[in-house]
$ cat start_4.cif   # mmCIF, C-alpha atoms
data_upload
loop_
_atom_site.group_PDB
_atom_site.id
_atom_site.type_symbol
_atom_site.label_atom_id
_atom_site.label_comp_id
_atom_site.auth_asym_id
_atom_site.auth_seq_id
_atom_site.Cartn_x
_atom_site.Cartn_y
_atom_site.Cartn_z
ATOM 1 C CA MET A 10 -41.063 19.975 -9.716
ATOM 2 C CA THR A 11 -37.463 21.058 -9.387
ATOM 3 C CA ILE A 12 -35.064 18.745 -7.624
ATOM 4 C CA ARG A 13 -32.132 20.647 -6.187
ATOM 5 C CA PRO A 14 -28.882 19.542 -7.842
ATOM 6 C CA PHE A 15 -27.146 18.291 -4.726
ATOM 7 C CA LEU A 16 -30.173 16.199 -3.845
ATOM 8 C CA SER A 17 -30.140 14.482 -7.235
ATOM 9 C CA VAL A 18 -26.388 13.922 -6.959
ATOM 10 C CA ALA A 19 -26.860 12.405 -3.482
ATOM 11 C CA VAL A 20 -29.682 10.189 -4.704
ATOM 12 C CA GLY A 21 -27.497 9.123 -7.621
ATOM 13 C CA ALA A 22 -24.629 8.310 -5.241
ATOM 14 C CA PHE A 23 -27.006 6.324 -3.063
ATOM 15 C CA ILE A 24 -28.247 4.342 -6.062
ATOM 16 C CA VAL A 25 -24.664 3.691 -7.213
ATOM 17 C CA ALA A 26 -23.638 2.566 -3.713
ATOM 18 C CA SER A 27 -26.681 0.303 -3.471
ATOM 19 C CA LEU A 28 -25.899 -1.194 -6.870
ATOM 20 C CA ALA A 29 -22.320 -1.815 -5.745
ATOM 21 C CA LEU A 30 -23.448 -3.479 -2.520
ATOM 22 C CA ALA A 31 -25.967 -5.625 -4.368
ATOM 23 C CA GLY A 32 -23.378 -6.544 -6.994
ATOM 24 C CA ALA A 33 -20.843 -7.416 -4.302
ATOM 25 C CA ALA A 34 -23.432 -9.502 -2.433
ATOM 26 C CA VAL A 35 -24.164 -11.496 -5.570
ATOM 27 C CA THR A 36 -20.662 -11.916 -7.013
ATOM 28 C CA GLY A 37 -18.408 -11.465 -3.965
ATOM 29 C CA PRO A 38 -18.777 -14.893 -2.329
ATOM 30 C CA GLN A 39 -18.353 -16.665 -5.682
ATOM 31 C CA MET A 40 -15.273 -14.600 -6.488
ATOM 32 C CA ALA A 41 -13.709 -15.323 -3.094
ATOM 33 C CA GLN A 42 -14.596 -19.000 -3.465
ATOM 34 C CA ARG A 43 -12.947 -19.190 -6.886
ATOM 35 C CA MET A 44 -9.783 -17.505 -5.623
ATOM 36 C CA ALA A 45 -9.743 -19.684 -2.500
ATOM 37 C CA SER A 46 -9.839 -22.905 -4.505
ATOM 38 C CA ALA A 47 -7.141 -21.585 -6.862
ATOM 39 C CA ALA A 48 -5.056 -20.658 -3.814
ATOM 40 C CA LYS A 49 -5.594 -24.084 -2.306
ATOM 41 C CA SER A 50 -4.245 -25.811 -5.401
ATOM 42 C CA ALA A 51 -1.328 -23.349 -5.589
ATOM 43 C CA ILE A 52 -0.439 -24.110 -1.954
ATOM 44 C CA ALA A 53 -0.711 -27.856 -2.579
ATOM 45 C CA LYS A 54 1.504 -27.502 -5.659
ATOM 46 C CA ASP A 55 4.164 -25.710 -3.607
ATOM 47 C CA GLY A 56 4.045 -28.507 -1.031
ATOM 48 C CA ALA A 57 3.347 -26.156 1.868
ATOM 49 C CA ARG A 58 1.444 -28.441 4.187
ATOM 50 C CA GLY A 59 -0.885 -26.842 6.699
ATOM 51 C CA VAL A 60 -0.924 -23.428 5.045
ATOM 52 C CA GLN A 61 -4.372 -21.964 4.611
ATOM 53 C CA ALA A 62 -5.482 -18.932 2.638
ATOM 54 C CA ARG A 63 -8.465 -17.135 4.091
ATOM 55 C CA PHE A 64 -10.284 -14.898 1.608
ATOM 56 C CA ALA A 65 -12.444 -13.120 4.152
ATOM 57 C CA THR A 66 -12.094 -10.217 6.536
ATOM 58 C CA SER A 67 -12.213 -10.701 10.281
ATOM 59 C CA GLY A 68 -15.885 -9.700 10.072
ATOM 60 C CA GLY A 69 -16.514 -12.521 7.609
ATOM 61 C CA TRP A 70 -16.905 -10.390 4.478
ATOM 62 C CA PRO A 71 -15.433 -11.886 1.286
ATOM 63 C CA SER A 72 -12.165 -10.197 0.380
ATOM 64 C CA ARG A 73 -9.612 -10.234 -2.443
ATOM 65 C CA HIS A 74 -6.767 -9.893 0.063
ATOM 66 C CA PRO A 75 -6.002 -13.308 1.525
ATOM 67 C CA LEU A 76 -4.555 -13.921 4.948
ATOM 68 C CA LEU A 77 -2.174 -16.873 4.930
ATOM 69 C CA SER A 78 -1.938 -18.839 8.146
ATOM 70 C CA GLY A 79 -0.503 -22.087 9.455
ATOM 71 C CA GLY A 80 2.524 -23.878 8.056
ATOM 72 C CA GLU A 81 4.864 -22.821 10.854
ATOM 73 C CA LYS A 82 7.171 -25.697 9.944
ATOM 74 C CA VAL A 83 7.375 -24.672 6.308
ATOM 75 C CA ASN A 84 10.697 -23.039 5.459
ATOM 76 C CA LEU A 85 11.024 -19.385 4.520
ATOM 77 C CA ALA A 86 11.690 -19.982 0.836
ATOM 78 C CA THR A 87 8.523 -22.056 0.489
ATOM 79 C CA ARG A 88 6.528 -19.471 2.403
ATOM 80 C CA GLY A 89 7.781 -16.800 0.009
ATOM 81 C CA LYS A 90 6.905 -18.984 -2.983
ATOM 82 C CA VAL A 91 3.423 -19.675 -1.593
ATOM 83 C CA ALA A 92 2.814 -15.942 -1.092
ATOM 84 C CA ARG A 93 4.027 -15.172 -4.617
ATOM 85 C CA ASP A 94 1.941 -17.944 -6.214
ATOM 86 C CA VAL A 95 -1.188 -16.924 -4.320
ATOM 87 C CA ALA A 96 -0.590 -13.282 -5.273
ATOM 88 C CA ALA A 97 -0.289 -14.360 -8.926
ATOM 89 C CA ILE A 98 -3.845 -15.741 -9.002
ATOM 90 C CA PRO A 99 -5.968 -13.374 -11.120
ATOM 91 C CA GLY A 100 -8.020 -11.063 -8.922
ATOM 92 C CA VAL A 101 -5.977 -11.525 -5.765
ATOM 93 C CA GLY A 102 -4.855 -8.325 -4.069
ATOM 94 C CA GLY A 103 -2.211 -8.043 -1.352
ATOM 95 C CA VAL A 104 -1.144 -11.216 0.451
ATOM 96 C CA ARG A 105 -0.316 -11.243 4.161
ATOM 97 C CA TRP A 106 0.825 -13.832 6.630
ATOM 98 C CA ALA A 107 -1.215 -14.119 9.800
ATOM 99 C CA ASP A 108 1.858 -14.221 12.048
ATOM 100 C CA GLY A 109 2.347 -10.568 11.326
ATOM 101 C CA SER A 110 6.003 -10.649 10.318
ATOM 102 C CA ILE A 111 5.199 -9.124 7.008
ATOM 103 C CA MET A 112 8.304 -7.085 6.351
ATOM 104 C CA ALA A 113 10.434 -8.325 3.528
ATOM 105 C CA GLN A 114 13.867 -9.347 4.793
ATOM 106 C CA ARG A 115 16.847 -7.853 3.071
ATOM 107 C CA SER A 116 19.386 -10.347 1.890
ATOM 108 C CA THR A 117 22.142 -7.789 1.410
ATOM 109 C CA ALA A 118 23.216 -4.852 3.503
ATOM 110 C CA PRO A 119 21.730 -1.542 2.362
ATOM 111 C CA VAL A 120 23.963 0.699 0.310
ATOM 112 C CA ARG A 121 25.651 3.253 2.528
ATOM 113 C CA PRO A 122 26.190 6.409 0.543
ATOM 114 C CA MET A 123 28.920 7.702 2.850
ATOM 115 C CA HIS A 124 31.143 8.754 -0.006
ATOM 116 C CA CYS A 125 29.349 12.073 -0.294
ATOM 117 C CA GLN A 126 30.977 13.223 2.912
ATOM 118 C CA GLY A 127 34.357 12.623 1.308
ATOM 119 C CA ASP A 128 33.219 14.513 -1.804
ATOM 120 C CA VAL A 129 32.191 17.514 0.286
ATOM 121 C CA GLU A 130 35.424 17.431 2.276
ATOM 122 C CA ALA A 131 37.422 17.338 -0.943
ATOM 123 C CA LEU A 132 35.516 20.377 -2.187
ATOM 124 C CA LEU A 133 36.079 22.318 1.013
ATOM 125 C CA GLN A 134 39.737 21.387 1.323
ATOM 126 C CA ALA A 135 40.771 23.759 -1.404
ATOM 127 C CA ARG A 136 38.108 26.429 -0.930
ATOM 128 C CA THR A 137 36.006 27.661 1.969
ATOM 129 C CA ILE A 138 32.557 29.091 2.309
ATOM 130 C CA ARG A 139 33.252 32.751 3.067
ATOM 131 C CA PHE A 140 31.162 35.099 5.115
ATOM 132 C CA ASP A 141 31.132 38.858 5.472
ATOM 133 C CA GLU A 142 33.138 39.928 8.503
ATOM 134 C CA SER A 143 31.302 39.411 11.833
ATOM 135 C CA SER A 144 28.192 38.539 9.888
ATOM 136 C CA SER A 145 26.332 35.409 8.891
ATOM 137 C CA ALA A 146 25.719 36.675 5.358
ATOM 138 C CA ILE A 147 27.384 34.317 2.907
ATOM 139 C CA ASP A 148 29.843 36.022 0.574
ATOM 140 C CA ALA A 149 28.464 36.199 -2.963
ATOM 141 C CA GLY A 150 31.613 34.519 -4.259
ATOM 142 C CA SER A 151 30.794 31.340 -2.305
ATOM 143 C CA SER A 152 27.583 30.744 -4.205
ATOM 144 C CA GLU A 153 29.266 28.527 -6.786
ATOM 145 C CA LEU A 154 30.963 26.498 -4.061
ATOM 146 C CA LEU A 155 27.598 26.020 -2.320
ATOM 147 C CA ASP A 156 26.139 24.780 -5.607
ATOM 148 C CA GLU A 157 28.891 22.177 -5.764
ATOM 149 C CA VAL A 158 28.421 21.208 -2.104
ATOM 150 C CA ALA A 159 24.667 20.764 -2.675
ATOM 151 C CA ALA A 160 25.380 18.600 -5.718
ATOM 152 C CA ALA A 161 27.871 16.519 -3.694
ATOM 153 C CA LEU A 162 25.366 16.063 -0.864
ATOM 154 C CA ARG A 163 22.559 14.952 -3.146
ATOM 155 C CA PRO A 164 23.595 11.253 -3.153
ATOM 156 C CA CYS A 165 23.255 11.343 0.645
ATOM 157 C CA LEU A 166 19.615 12.413 0.620
ATOM 158 C CA GLY A 167 17.774 10.406 3.225
ATOM 159 C CA SER A 168 20.718 10.731 5.599
ATOM 160 C CA ILE A 169 21.110 13.162 8.437
ATOM 161 C CA ILE A 170 23.769 15.687 7.500
ATOM 162 C CA ALA A 171 25.283 17.830 10.234
ATOM 163 C CA ILE A 172 26.447 21.337 9.364
ATOM 164 C CA THR A 173 28.797 22.638 12.017
ATOM 165 C CA GLY A 174 30.028 26.185 12.172
ATOM 166 C CA HIS A 175 33.406 27.057 13.780
ATOM 167 C CA THR A 176 35.121 30.368 14.505
ATOM 168 C CA ASP A 177 38.567 31.392 15.694
ATOM 169 C CA SER A 178 39.039 32.410 19.298
ATOM 170 C CA SER A 179 39.332 36.141 18.709
ATOM 171 C CA GLY A 180 36.477 38.082 20.258
ATOM 172 C CA SER A 181 33.994 37.138 22.915
ATOM 173 C CA LYS A 182 33.174 33.478 23.409
ATOM 174 C CA ALA A 183 29.415 33.971 23.495
ATOM 175 C CA LEU A 184 29.473 36.108 20.358
ATOM 176 C CA ASN A 185 31.587 33.521 18.556
ATOM 177 C CA LEU A 186 29.145 30.806 19.522
ATOM 178 C CA GLN A 187 26.213 32.841 18.272
ATOM 179 C CA LEU A 188 28.022 33.763 15.069
ATOM 180 C CA SER A 189 28.982 30.176 14.308
ATOM 181 C CA ASP A 190 25.398 29.128 14.981
ATOM 182 C CA GLU A 191 24.053 31.759 12.612
ATOM 183 C CA ARG A 192 26.594 30.888 9.947
ATOM 184 C CA ALA A 193 25.720 27.192 10.108
ATOM 185 C CA ALA A 194 22.033 28.150 9.842
ATOM 186 C CA ALA A 195 22.828 30.398 6.874
ATOM 187 C CA VAL A 196 24.549 27.490 5.123
ATOM 188 C CA GLU A 197 21.569 25.284 5.930
ATOM 189 C CA ASP A 198 19.232 27.850 4.370
ATOM 190 C CA ALA A 199 21.483 28.134 1.319
ATOM 191 C CA LEU A 200 21.437 24.347 0.878
ATOM 192 C CA VAL A 201 17.657 24.218 1.296
ATOM 193 C CA ALA A 202 17.414 26.892 -1.390
ATOM 194 C CA ARG A 203 19.446 24.539 -3.590
ATOM 195 C CA GLY A 204 17.004 21.687 -3.194
ATOM 196 C CA ILE A 205 18.356 19.794 -0.177
ATOM 197 C CA PRO A 206 15.429 18.913 2.127
ATOM 198 C CA ARG A 207 15.614 20.711 5.464
ATOM 199 C CA ASP A 208 14.518 17.692 7.504
ATOM 200 C CA GLY A 209 17.796 15.940 6.711
ATOM 201 C CA LEU A 210 19.986 18.866 7.802
ATOM 202 C CA ARG A 211 21.110 19.703 11.341
ATOM 203 C CA ALA A 212 22.895 23.022 11.750
ATOM 204 C CA ARG A 213 24.722 24.071 14.898
ATOM 205 C CA GLY A 214 27.600 26.255 15.905
ATOM 206 C CA LEU A 215 30.469 25.339 18.187
ATOM 207 C CA GLY A 216 32.140 28.729 18.379
ATOM 208 C CA SER A 217 35.855 28.409 18.970
ATOM 209 C CA GLN A 218 35.654 25.186 21.002
ATOM 210 C CA GLN A 219 37.159 22.937 18.323
ATOM 211 C CA PRO A 220 40.039 24.582 16.498
ATOM 212 C CA MET A 221 41.579 22.655 13.619
ATOM 213 C CA THR A 222 44.317 20.302 14.732
ATOM 214 C CA GLY A 223 47.747 21.854 14.461
ATOM 215 C CA LEU A 224 46.393 25.374 14.218
ATOM 216 C CA ASP A 225 46.552 28.152 16.755
ATOM 217 C CA PRO A 226 43.009 28.873 18.112
ATOM 218 C CA THR A 227 43.358 32.493 17.031
ATOM 219 C CA ASP A 228 44.214 31.546 13.453
ATOM 220 C CA PRO A 229 41.496 32.862 11.083
ATOM 221 C CA ALA A 230 41.698 29.532 9.230
ATOM 222 C CA ASN A 231 39.634 28.112 12.075
ATOM 223 C CA ARG A 232 36.603 29.948 10.708
ATOM 224 C CA ARG A 233 34.986 27.173 8.763
ATOM 225 C CA ILE A 234 31.884 25.130 8.075
ATOM 226 C CA GLU A 235 32.114 21.353 8.353
ATOM 227 C CA PHE A 236 29.764 18.787 6.949
ATOM 228 C CA SER A 237 29.359 15.278 8.275
ATOM 229 C CA VAL A 238 26.945 12.482 7.564
ATOM 230 C CA ILE A 239 25.879 11.476 11.050
ATOM 231 C CA ALA A 240 23.187 8.895 10.346
ATOM 232 C CA ILE A 241 21.836 6.864 7.514
ATOM 233 C CA VAL A 242 18.098 6.455 7.543
ATOM 234 C CA PRO A 243 17.376 3.116 5.899
ATOM 235 C CA LEU A 244 14.433 2.939 3.562
ATOM 236 C CA ALA A 245 11.954 0.405 4.932
ATOM 237 C CA PRO A 246 10.086 -1.732 2.420
ATOM 238 C CA THR A 247 6.366 -1.218 2.391
ATOM 239 C CA PRO A 248 4.803 -3.719 4.800
ATOM 240 C CA ILE A 249 1.800 -4.473 2.617
ATOM 241 C CA ASP A 250 1.660 -6.271 -0.709
ATOM 242 C CA THR A 251 5.105 -7.807 -0.502
ATOM 243 C CA PRO A 252 4.473 -11.324 -1.816
ATOM 244 C CA SER A 253 7.906 -12.607 -0.894
ATOM 245 C CA ALA A 254 7.371 -11.542 2.690
ATOM 246 C CA LYS A 255 7.315 -14.024 5.469
ATOM 247 C CA MET B 6 -8.248 -6.599 5.014
ATOM 248 C CA ILE B 7 -10.599 -4.826 2.623
ATOM 249 C CA PRO B 8 -13.937 -6.484 1.843
ATOM 250 C CA ILE B 9 -14.995 -6.824 -1.792
ATOM 251 C CA TRP B 10 -18.127 -4.734 -1.254
ATOM 252 C CA PHE B 11 -16.031 -1.798 -0.102
ATOM 253 C CA GLU B 12 -13.696 -1.991 -3.099
ATOM 254 C CA LEU B 13 -16.609 -2.263 -5.522
ATOM 255 C CA MET B 14 -18.504 0.591 -3.889
ATOM 256 C CA PHE B 15 -15.392 2.760 -3.860
ATOM 257 C CA LEU B 16 -14.707 2.117 -7.550
ATOM 258 C CA MET B 17 -18.304 2.722 -8.585
ATOM 259 C CA LEU B 18 -18.594 5.921 -6.558
ATOM 260 C CA ILE B 19 -15.345 7.221 -8.023
ATOM 261 C CA THR B 20 -16.612 6.411 -11.513
ATOM 262 C CA TYR B 21 -19.906 8.125 -10.702
ATOM 263 C CA ALA B 22 -18.087 11.209 -9.441
ATOM 264 C CA GLY B 23 -15.888 11.231 -12.559
ATOM 265 C CA GLY B 24 -18.941 10.913 -14.789
ATOM 266 C CA LEU B 25 -20.633 13.756 -12.972
ATOM 267 C CA MET B 26 -17.579 15.929 -13.377
ATOM 268 C CA ILE B 27 -17.239 15.244 -17.107
ATOM 269 C CA GLY B 28 -20.970 15.734 -17.594
ATOM 270 C CA TRP B 29 -20.868 18.984 -15.667
ATOM 271 C CA LEU B 30 -17.924 20.233 -17.740
ATOM 272 C CA LEU B 31 -19.494 19.320 -21.091
ATOM 273 C CA TRP B 32 -22.996 20.432 -20.179
ATOM 274 C CA GLY B 33 -21.713 23.541 -18.457
ATOM 275 C CA ARG B 34 -19.828 24.600 -21.579
ATOM 276 C CA ALA B 35 -22.739 23.905 -23.869
ATOM 277 C CA ALA B 36 -25.046 25.808 -21.532
ATOM 278 C CA ALA B 37 -22.641 28.741 -21.289
ATOM 279 C CA GLU B 38 -22.526 29.055 -25.072
ATOM 280 C CA THR B 39 -26.283 29.334 -25.354
ATOM 281 C CA MET B 40 -26.583 31.527 -22.289
ATOM 282 C CA PRO B 41 -27.975 34.993 -23.162
ATOM 283 C CA GLU B 42 -25.705 37.967 -22.517
ATOM 284 C CA ASP B 43 -26.863 40.718 -20.206
ATOM 285 C CA GLY B 44 -29.820 42.494 -21.737
ATOM 286 C CA GLU B 45 -30.121 39.918 -24.514
ATOM 287 C CA THR B 46 -33.019 37.525 -24.913
ATOM 288 C CA LEU B 47 -33.085 34.195 -26.651
ATOM 289 C CA SER B 48 -35.242 34.238 -29.747
#
$ encode --input "start_4.cif" --output "structure tokens"
Amino acid sequence: MTIRPFLSVAVGAFIVASLALAGAAVTGPQMAQRMASAAKSAIAKDGARGVQARFATSGGWPSRHPLLSGGEKVNLATRGKVARDVAAIPGVGGVRWADGSIMAQRSTAPVRPMHCQGDVEALLQARTIRFDESSSAIDAGSSELLDEVAAALRPCLGSIIAITGHTDSSGSKALNLQLSDERAAAVEDALVARGIPRDGLRARGLGSQQPMTGLDPTDPANRRIEFSVIAIVPLAPTPIDTPSAK
Amino acid sequence: MIPIWFELMFLMLITYAGGLMIGWLLWGRAAAETMPEDGETLS
């Protein structure tokens, strides 16, 4: 008799799953019990009165991931120590507090990598990103400058970087707006091609609305691309498995 | 909260799948080497 391969694989998987369930039924409660008593002594050692570690899911199944509850009057440092000590018990997985405030609190302000904006401005002070006349095609000679701009922006990854295109006031207003928009988008594409993620870039054109201070609006020097870091997106710590969490 | 039975079952099924894959690779190669070419018969 020939058993079709997928049938034998499925039967094998069923046998393996059954073995796992049987194994878990036999050893699971004992394992949870052992970890629970170890957790109890760790909590007592830390002097956190009223804190309980529950090694079971809400459905009552034994689990390696304890839920700590109680001890509302225990201070934060002790709560952190309890969570760490319980997490250090062999076999214990992620530890969580039942009150849900599981995010680790930062003690220091996050680093704000704003300096990259200054770096980019310094680069663009002496040189400008050039475009072909009345076109959004970036001049081949600006490729090196774009490489440097991309390198200067790299420390700001994770931030929102605005790319704003400006033109001088010669020509029609609508055309200028469109051109500045296209040029900003071209710079965005060039930066993406240099490894800067697109989701952190926001390109837009302002046309000739904002000439440089002290310059005549018709001055060609108003044709420029500006970069600014408009928001820092803080990196949130993972909410699970943070033993020092409250 | 993940129950122990789920973790154990997951691990064992992954191991089973890995074993199957390795077995298939090794057996498949061995079988391919002894496989007769077109028009050839095994003596």
$ atom_distance --input "start_4.cif" --atom1 "atom CA of Glu157 of chain A" --atom2 "atom CA of Pro220 of chain A"
25.0 Å
$ interface_residues --input "start_4.cif" --of "chain A" --to "chain B" --cutoff "10 Å" --atoms "all atoms listed in the file" --output "ChimeraX atom specification"
/A:18,21-34,36-38,40-41,64-76,102-105
$ residues_around --input "start_4.cif" --residues "Ala53 of chain A" --least-positions-apart "4" --cutoff "12 Å" --atoms "all atoms listed in the file" --output "MDAnalysis selection string"
chainID A and resid 46:49 57:62 80 87 90:91 94:95
$ resolve_selection --input "start_4.cif" --expression "the PyMOL selection byres ((chain A and resi 223-227) around 7)" --output "list in words"
Asp177, Ser178, Ser179, Pro220, Met221, Thr222, Asp228, Pro229 and Asn231 of chain A
$ residues_around --input "start_4.cif" --residues "Asp128 of chain A" --least-positions-apart "2" --cutoff "10 Å" --atoms "all atoms listed in the file" --output "mmCIF file with C-alpha atoms, in the coordinates of the input"
data_model
loop_
_atom_site.group_PDB
_atom_site.id
_atom_site.type_symbol
_atom_site.label_atom_id
_atom_site.label_comp_id
_atom_site.auth_asym_id
_atom_site.auth_seq_id
_atom_site.Cartn_x
_atom_site.Cartn_y
_atom_site.Cartn_z
ATOM 1 C CA MET A 123 28.920 7.702 2.850
ATOM 2 C CA HIS A 124 31.143 8.754 -0.006
ATOM 3 C CA CYS A 125 29.349 12.073 -0.294
ATOM 4 C CA GLN A 126 30.977 13.223 2.912
ATOM 5 C CA GLU A 130 35.424 17.431 2.276
ATOM 6 C CA ALA A 131 37.422 17.338 -0.943
ATOM 7 C CA LEU A 132 35.516 20.377 -2.187
ATOM 8 C CA LEU A 133 36.079 22.318 1.013
ATOM 9 C CA GLN A 134 39.737 21.387 1.323
ATOM 10 C CA GLU A 157 28.891 22.177 -5.764
ATOM 11 C CA VAL A 158 28.421 21.208 -2.104
ATOM 12 C CA ALA A 160 25.380 18.600 -5.718
ATOM 13 C CA ALA A 161 27.871 16.519 -3.694
ATOM 14 C CA LEU A 162 25.366 16.063 -0.864
#
$ resolve_selection --input "start_4.cif" --expression "the PyMOL selection byres ((chain A and resi 165-174) around 10)" --output "number ranges by chain"
A: 121-126, 160-164, 175-176, 185-197, 205-217, 219, 231-244
$ write_last_selection --input "start_4.cif" --atoms "C-alpha atoms" --output "mmCIF file, in the coordinates of the input"
data_model
loop_
_atom_site.group_PDB
_atom_site.id
_atom_site.type_symbol
_atom_site.label_atom_id
_atom_site.label_comp_id
_atom_site.auth_asym_id
_atom_site.auth_seq_id
_atom_site.Cartn_x
_atom_site.Cartn_y
_atom_site.Cartn_z
ATOM 1 C CA ARG A 121 25.651 3.253 2.528
ATOM 2 C CA PRO A 122 26.190 6.409 0.543
ATOM 3 C CA MET A 123 28.920 7.702 2.850
ATOM 4 C CA HIS A 124 31.143 8.754 -0.006
ATOM 5 C CA CYS A 125 29.349 12.073 -0.294
ATOM 6 C CA GLN A 126 30.977 13.223 2.912
ATOM 7 C CA ALA A 160 25.380 18.600 -5.718
ATOM 8 C CA ALA A 161 27.871 16.519 -3.694
ATOM 9 C CA LEU A 162 25.366 16.063 -0.864
ATOM 10 C CA ARG A 163 22.559 14.952 -3.146
ATOM 11 C CA PRO A 164 23.595 11.253 -3.153
ATOM 12 C CA HIS A 175 33.406 27.057 13.780
ATOM 13 C CA THR A 176 35.121 30.368 14.505
ATOM 14 C CA ASN A 185 31.587 33.521 18.556
ATOM 15 C CA LEU A 186 29.145 30.806 19.522
ATOM 16 C CA GLN A 187 26.213 32.841 18.272
ATOM 17 C CA LEU A 188 28.022 33.763 15.069
ATOM 18 C CA SER A 189 28.982 30.176 14.308
ATOM 19 C CA ASP A 190 25.398 29.128 14.981
ATOM 20 C CA GLU A 191 24.053 31.759 12.612
ATOM 21 C CA ARG A 192 26.594 30.888 9.947
ATOM 22 C CA ALA A 193 25.720 27.192 10.108
ATOM 23 C CA ALA A 194 22.033 28.150 9.842
ATOM 24 C CA ALA A 195 22.828 30.398 6.874
ATOM 25 C CA VAL A 196 24.549 27.490 5.123
ATOM 26 C CA GLU A 197 21.569 25.284 5.930
ATOM 27 C CA ILE A 205 18.356 19.794 -0.177
ATOM 28 C CA PRO A 206 15.429 18.913 2.127
ATOM 29 C CA ARG A 207 15.614 20.711 5.464
ATOM 30 C CA ASP A 208 14.518 17.692 7.504
ATOM 31 C CA GLY A 209 17.796 15.940 6.711
ATOM 32 C CA LEU A 210 19.986 18.866 7.802
ATOM 33 C CA ARG A 211 21.110 19.703 11.341
ATOM 34 C CA ALA A 212 22.895 23.022 11.750
ATOM 35 C CA ARG A 213 24.722 24.071 14.898
ATOM 36 C CA GLY A 214 27.600 26.255 15.905
ATOM 37 C CA LEU A 215 30.469 25.339 18.187
ATOM 38 C CA GLY A 216 32.140 28.729 18.379
ATOM 39 C CA SER A 217 35.855 28.409 18.970
ATOM 40 C CA GLN A 219 37.159 22.937 18.323
ATOM 41 C CA ASN A 231 39.634 28.112 12.075
ATOM 42 C CA ARG A 232 36.603 29.948 10.708
ATOM 43 C CA ARG A 233 34.986 27.173 8.763
ATOM 44 C CA ILE A 234 31.884 25.130 8.075
ATOM 45 C CA GLU A 235 32.114 21.353 8.353
ATOM 46 C CA PHE A 236 29.764 18.787 6.949
ATOM 47 C CA SER A 237 29.359 15.278 8.275
ATOM 48 C CA VAL A 238 26.945 12.482 7.564
ATOM 49 C CA ILE A 239 25.879 11.476 11.050
ATOM 50 C CA ALA A 240 23.187 8.895 10.346
ATOM 51 C CA ILE A 241 21.836 6.864 7.514
ATOM 52 C CA VAL A 242 18.098 6.455 7.543
ATOM 53 C CA PRO A 243 17.376 3.116 5.899
ATOM 54 C CA LEU A 244 14.433 2.939 3.562
#
$ atom_distance --input "start_4.cif" --atom1 "atom CA of Leu30 of chain B" --atom2 "atom CA of Ser17 of chain A"
17.1 Å
$ resolve_selection --input "start_4.cif" --expression "the PyMOL selection byres ((chain A and resi 155) around 9)" --output "VMD selection string"
chain A and resid 138 151 to 154 156 to 160 196 199 to 200 203
$ atom_distance --input "start_4.cif" --atom1 "atom CA of Lys82 of chain A" --atom2 "atom CA of Ala45 of chain A"
21.8 Å
$ residues_around --input "start_4.cif" --residues "Asp108 of chain A" --least-positions-apart "4" --cutoff "10 Å" --atoms "all atoms listed in the file" --output "PyMOL selection string"
chain A and resi 76-79+81+255
$ axis_aligned_box --input "start_4.cif" --around "segment 59-68 of chain A" --padding-each-side "6 Å" --output "lines of an AutoDock Vina configuration file"
center_x = -8.4
center_y = -18.3
center_z = 5.9
size_x = 27.0
size_y = 29.1
size_z = 20.7
